[in-house]
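**Student:** Below you'll find the structure I mean.
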Amino acid sequence: MELRVLRYFLTAVDEGNITRAADILHITQPTLSRQLIELEKELGTTLLIRGKRSLTLTDDGMLFKQQAEEIVELADKAERTFIGKKDTVSGVIALGATESVGSRVLSKYICKFIEKYPKVQFDLYSETADSIKDKIEKGLLDLGLLLEPVDNNKYEFLRLSQKETWGVLLRKDHPLAEKETIYVEDLKSYRLFLPKREGARNEVLNWIGCEESHLNVSVNYNLLSNVAILVDEGLGCAVCLDGALSIHYSPDILFKPVFPEHTTRSVLLWKKNHLFQPAASLFIQMINTQKWEN
């Protein structure tokens with residue numbers, strides 16, 4: 001299986017049409033069709049359902065598309081790394097980040113680094129914590145920004161100084177919005193949206209101090225942006241951190257801290273004992289040695 005054929009397949013899927021994809025790839029339509037048929041024969045499965053004017057992915061096609069994208073991305077990253085060696089310091093650093101106040105600190109790190117190494121580029125991805133760790137393991141990301149806790153056996157990390165405070169995102173006309181101080185006991189009387197990630201969920205439940213079965217939980221979320229609209233619609237309130245960017249989604253919703261105060265911190269992490277390309281290695285070195293103002 002050639003990398004070139006994977007690019008053919010992904011272009012055809014993105015365009016949804018053999019003729020348009022062939023034009024983009026600068027090959028003939030019969031050539032592209034033959035390459036895709038040979039790919040399916042090699043894999044022993046059908047990837048595409050061919051309509052008169054469009055292409056549709058089969059279930060196997062969807063799975064293969066995800067894997068092909070990862071392979072092509074790794075190949076592109078490797079190519080950029082070796083091309084970058086021709087320059088003083090260049091290349092691309094791939095970073096994944098969750099919704100947190102730590103993103104503001106990360107942006108300062110990036111600005112400082114680019115000031116010193118203007119030929120370096122950053123690829124930034126908004127991801128869930130689990131997705132970030134998975135992509136770091138696969139080599140698709142160099143570093144990730146997520147919340148504690150961290151597996152010390154697998155990752156090196158830098159703990160950021162700013163605290164992330166747990167509270168609730170709710171509409172301004174919600175009954176809890178009128179309270180000067182919201183306590184964890186108050187949350188038990190209302191419909192809640194809780195984070196789906198196991199570590200964060202357990203942390204929230206321990207903080208509230210009750211079993212999940214004693215709460216009215218209607219929605220589980222990975223990224224707060226997924227449920228901010230539901231909060232805005234008045235369905236309930238989302239237990240979240242104050243640094244999540246979606247807090248500014250609408251003028252009709254607001255974040256309020258809940259007492260007793262419960263905080264965590266963001267960490268910038270990378271894989272232990274991993275050989276990084278020069279730009280990423282320098283970035284890690286700088287964040288470890290420079291005490292920049294957060």
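Within each chain, counting starts at residue 1; across the structure tokens, chains are named A, B, ... in the order shown, with ligands numbered 1 upward in that order.
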As a PyMOL selection string, please: every residue in region 152-281 of chain A that a backbone DSSP assignment puts in strand (DSSP E or B).

**Tutor:** chain A and resi 155-171+182-183+191-195+216-221+237-241+253-259+263-271

**Student:** Write out as a list of chain:residue names the residues lying within 12 Å of Thr31 (chain A), counting only C-alpha atoms and excluding same-chain residues fewer than 3 positions away.

**Tutor:**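 Once the nearby chain positions are removed, what remains is A:Val5, A:Tyr8, A:Ile18, A:Thr19, A:Ala21, A:Ala22, A:Asp23, A:Leu25, A:His26, A:Ile27, A:Thr28, A:Arg34, A:Gln35, A:Leu36, A:Ile37, A:Glu38.
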
**Student:** Give me a file of those residues, with N, CA and C atoms, as a CSV table (one decimal), in the first residue's frame.

**Tutor:**
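Here's the written file part34.csv:
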```csv
chain,number,residue,atom,x,y,z
A,5,VAL,N,-1.4,6.4,-2.8
A,5,VAL,CA,-2.8,5.9,-3.0
A,5,VAL,C,-3.6,6.3,-1.8
A,8,TYR,N,-4.8,9.6,-2.7
A,8,TYR,CA,-5.8,9.6,-3.7
A,8,TYR,C,-7.2,9.3,-3.0
A,18,ILE,N,-15.4,11.4,-8.1
A,18,ILE,CA,-14.2,10.9,-8.7
A,18,ILE,C,-13.6,11.9,-9.7
A,19,THR,N,-14.5,12.5,-10.5
A,19,THR,CA,-14.0,13.5,-11.5
A,19,THR,C,-13.3,14.7,-10.9
A,21,ALA,N,-12.0,14.9,-7.9
A,21,ALA,CA,-10.8,14.5,-7.2
A,21,ALA,C,-9.7,14.2,-8.2
A,22,ALA,N,-10.0,13.6,-9.3
A,22,ALA,CA,-9.0,13.4,-10.4
A,22,ALA,C,-8.4,14.7,-10.9
A,23,ASP,N,-9.2,15.7,-11.1
A,23,ASP,CA,-8.8,17.1,-11.5
A,23,ASP,C,-7.8,17.7,-10.5
A,25,LEU,N,-6.0,16.1,-8.3
A,25,LEU,CA,-4.8,15.2,-8.3
A,25,LEU,C,-4.0,15.3,-9.6
A,26,HIS,N,-4.5,15.9,-10.6
A,26,HIS,CA,-3.9,16.0,-11.9
A,26,HIS,C,-3.6,14.6,-12.5
A,27,ILE,N,-4.6,13.7,-12.4
A,27,ILE,CA,-4.6,12.4,-13.0
A,27,ILE,C,-5.9,12.2,-13.7
A,28,THR,N,-6.0,11.2,-14.5
A,28,THR,CA,-7.3,10.9,-15.2
A,28,THR,C,-8.3,10.2,-14.3
A,34,ARG,N,-9.3,3.2,-11.0
A,34,ARG,CA,-8.5,1.9,-11.0
A,34,ARG,C,-7.7,1.8,-9.7
A,35,GLN,N,-7.1,2.9,-9.3
A,35,GLN,CA,-6.3,2.9,-8.0
A,35,GLN,C,-7.2,2.6,-6.8
A,36,LEU,N,-8.4,3.1,-6.8
A,36,LEU,CA,-9.3,2.9,-5.7
A,36,LEU,C,-9.8,1.5,-5.7
A,37,ILE,N,-10.1,0.9,-6.8
A,37,ILE,CA,-10.5,-0.5,-6.9
A,37,ILE,C,-9.4,-1.4,-6.5
A,38,GLU,N,-8.2,-1.1,-6.9
A,38,GLU,CA,-7.1,-2.0,-6.5
A,38,GLU,C,-6.8,-1.9,-5.0
```

**Student:** Extract, using only C-alpha atoms, all DNA, RNA and protein residues at most 10 Å from Ser131 (chain A), discarding same-chain residues fewer than 5 positions from it, and format them as a ChimeraX atom specification.

**Tutor:** /A:96-98,126,136-137,144

**Student:** Pick out each residue of region 150-232 of chain A that DSSP on the backbone tags as helix (DSSP H, G or I); I need them as a ChimeraX atom specification.

**Tutor:** /A:175-178,184-187,198-208,212-214,225-232

**Student:** What's the separation between CA of Ala280 (chain A) and CA of Val92 (chain A), in Å to one decimal place?

**Tutor:** 7.8 Å

**Student:** With a distance cut-off of 12 Å and only C-alpha atoms, select the neighbouring residues of Leu141 (chain A), excluding the residue or stretch itself and same-chain residues fewer than 3 positions from it, and output the selection as a PyMOL selection string.

**Tutor:** chain A and resi 70+73-74+77+92-97+122-127+131-138+144-145+269-271+274+276-277+280

**Student:** Work out how far CA of Gly61 (chain A) is from CA of Tyr221 (chain A), in Å to one decimal.

**Tutor:**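 According to the coordinates, CA of Tyr221 (chain A) and CA of Gly61 (chain A) are separated by 27.3 Å.
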
**Student:** Taking into account only C-alpha atoms, which residue in the set A:Gly199, A:Gly16, A:Pro257, A:Gly209 is nearest to Leu147 (chain A)?

**Tutor:** A:Gly199

**Student:** Applying 12 Å and only C-alpha atoms, which residues near Ile229 (chain A) remain after dropping the ones on its own chain fewer than 3 positions away? List them as JSON, numbers by chain.

**Tutor:** {"A": [169, 170, 171, 193, 223, 224, 225, 226, 232, 233, 234, 235, 236, 237, 238, 246, 247, 248, 249, 250, 251, 252, 253]}

**Student:** I'd like the neighbourhood of Leu48 (chain A) as a short mmCIF file (atom, residue, chain, number, x, y, z; two decimals) with N, CA, C and O atoms, in the first residue's frame, where a residue qualifies if any of its atoms comes within 9 Å (using only C-alpha atoms), though same-chain residues fewer than 4 positions away should be ignored.

**Tutor:**
```cif
data_model
loop_
_atom_site.label_atom_id
_atom_site.label_comp_id
_atom_site.auth_asym_id
_atom_site.auth_seq_id
_atom_site.Cartn_x
_atom_site.Cartn_y
_atom_site.Cartn_z
N VAL A 13 -12.57 11.02 -1.13
CA VAL A 13 -13.57 11.10 -0.06
C VAL A 13 -13.92 12.54 0.24
O VAL A 13 -15.09 12.90 0.40
N LEU A 36 -8.39 3.15 -6.79
CA LEU A 36 -9.29 2.91 -5.66
C LEU A 36 -9.81 1.48 -5.66
O LEU A 36 -9.94 0.86 -4.58
N GLU A 40 -9.16 -1.40 -2.68
CA GLU A 40 -10.19 -2.23 -2.06
C GLU A 40 -9.86 -3.71 -2.19
O GLU A 40 -10.06 -4.49 -1.24
N LEU A 55 -19.76 9.80 -4.03
CA LEU A 55 -19.18 8.67 -3.33
C LEU A 55 -19.63 8.69 -1.88
O LEU A 55 -19.71 9.75 -1.26
N THR A 56 -19.92 7.51 -1.33
CA THR A 56 -20.30 7.40 0.07
C THR A 56 -19.44 6.34 0.74
O THR A 56 -19.18 5.28 0.16
N LEU A 57 -18.97 6.62 1.93
CA LEU A 57 -18.13 5.68 2.66
C LEU A 57 -18.96 4.56 3.26
O LEU A 57 -20.03 4.79 3.81
N THR A 58 -18.45 3.33 3.18
CA THR A 58 -19.03 2.23 3.94
C THR A 58 -18.51 2.32 5.38
O THR A 58 -17.67 3.17 5.70
N ASP A 60 -16.52 0.17 6.81
CA ASP A 60 -15.07 -0.09 6.70
C ASP A 60 -14.36 1.11 6.11
O ASP A 60 -13.21 1.41 6.49
N GLY A 61 -15.03 1.81 5.20
CA GLY A 61 -14.43 2.99 4.61
C GLY A 61 -14.20 4.09 5.63
O GLY A 61 -13.17 4.79 5.61
#
```

**Student:** Tell me which of A:Leu43, A:Val219, A:Ala279, A:Ile287 sits closest to Pro118 (chain A), counting only C-alpha atoms.

**Tutor:**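 Between A:Leu43, A:Val219, A:Ala279, A:Ile287, the residue approaching Pro118 (chain A) most closely is A:Ala279.
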
**Student:** Closest to Arg50 (chain A) among A:Ser33, A:Asn273, A:Lys65, A:Gln121, using only C-alpha atoms?

**Tutor:**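 Closest candidate: A:Ser33.
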
**Student:** So, with only C-alpha atoms as the atoms that count, which of A:Leu160, A:Ala129, A:Val168, A:Leu63 lies closest to Tyr183 (chain A)?

**Tutor:**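 Closest residue, counting only C-alpha atoms: A:Val168.
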
**Student:** Which one of A:Phe283, A:Tyr190, A:Tyr155, A:Tyr109 sits closest to Pro175 (chain A) if you count only C-alpha atoms?

**Tutor:** A:Tyr190
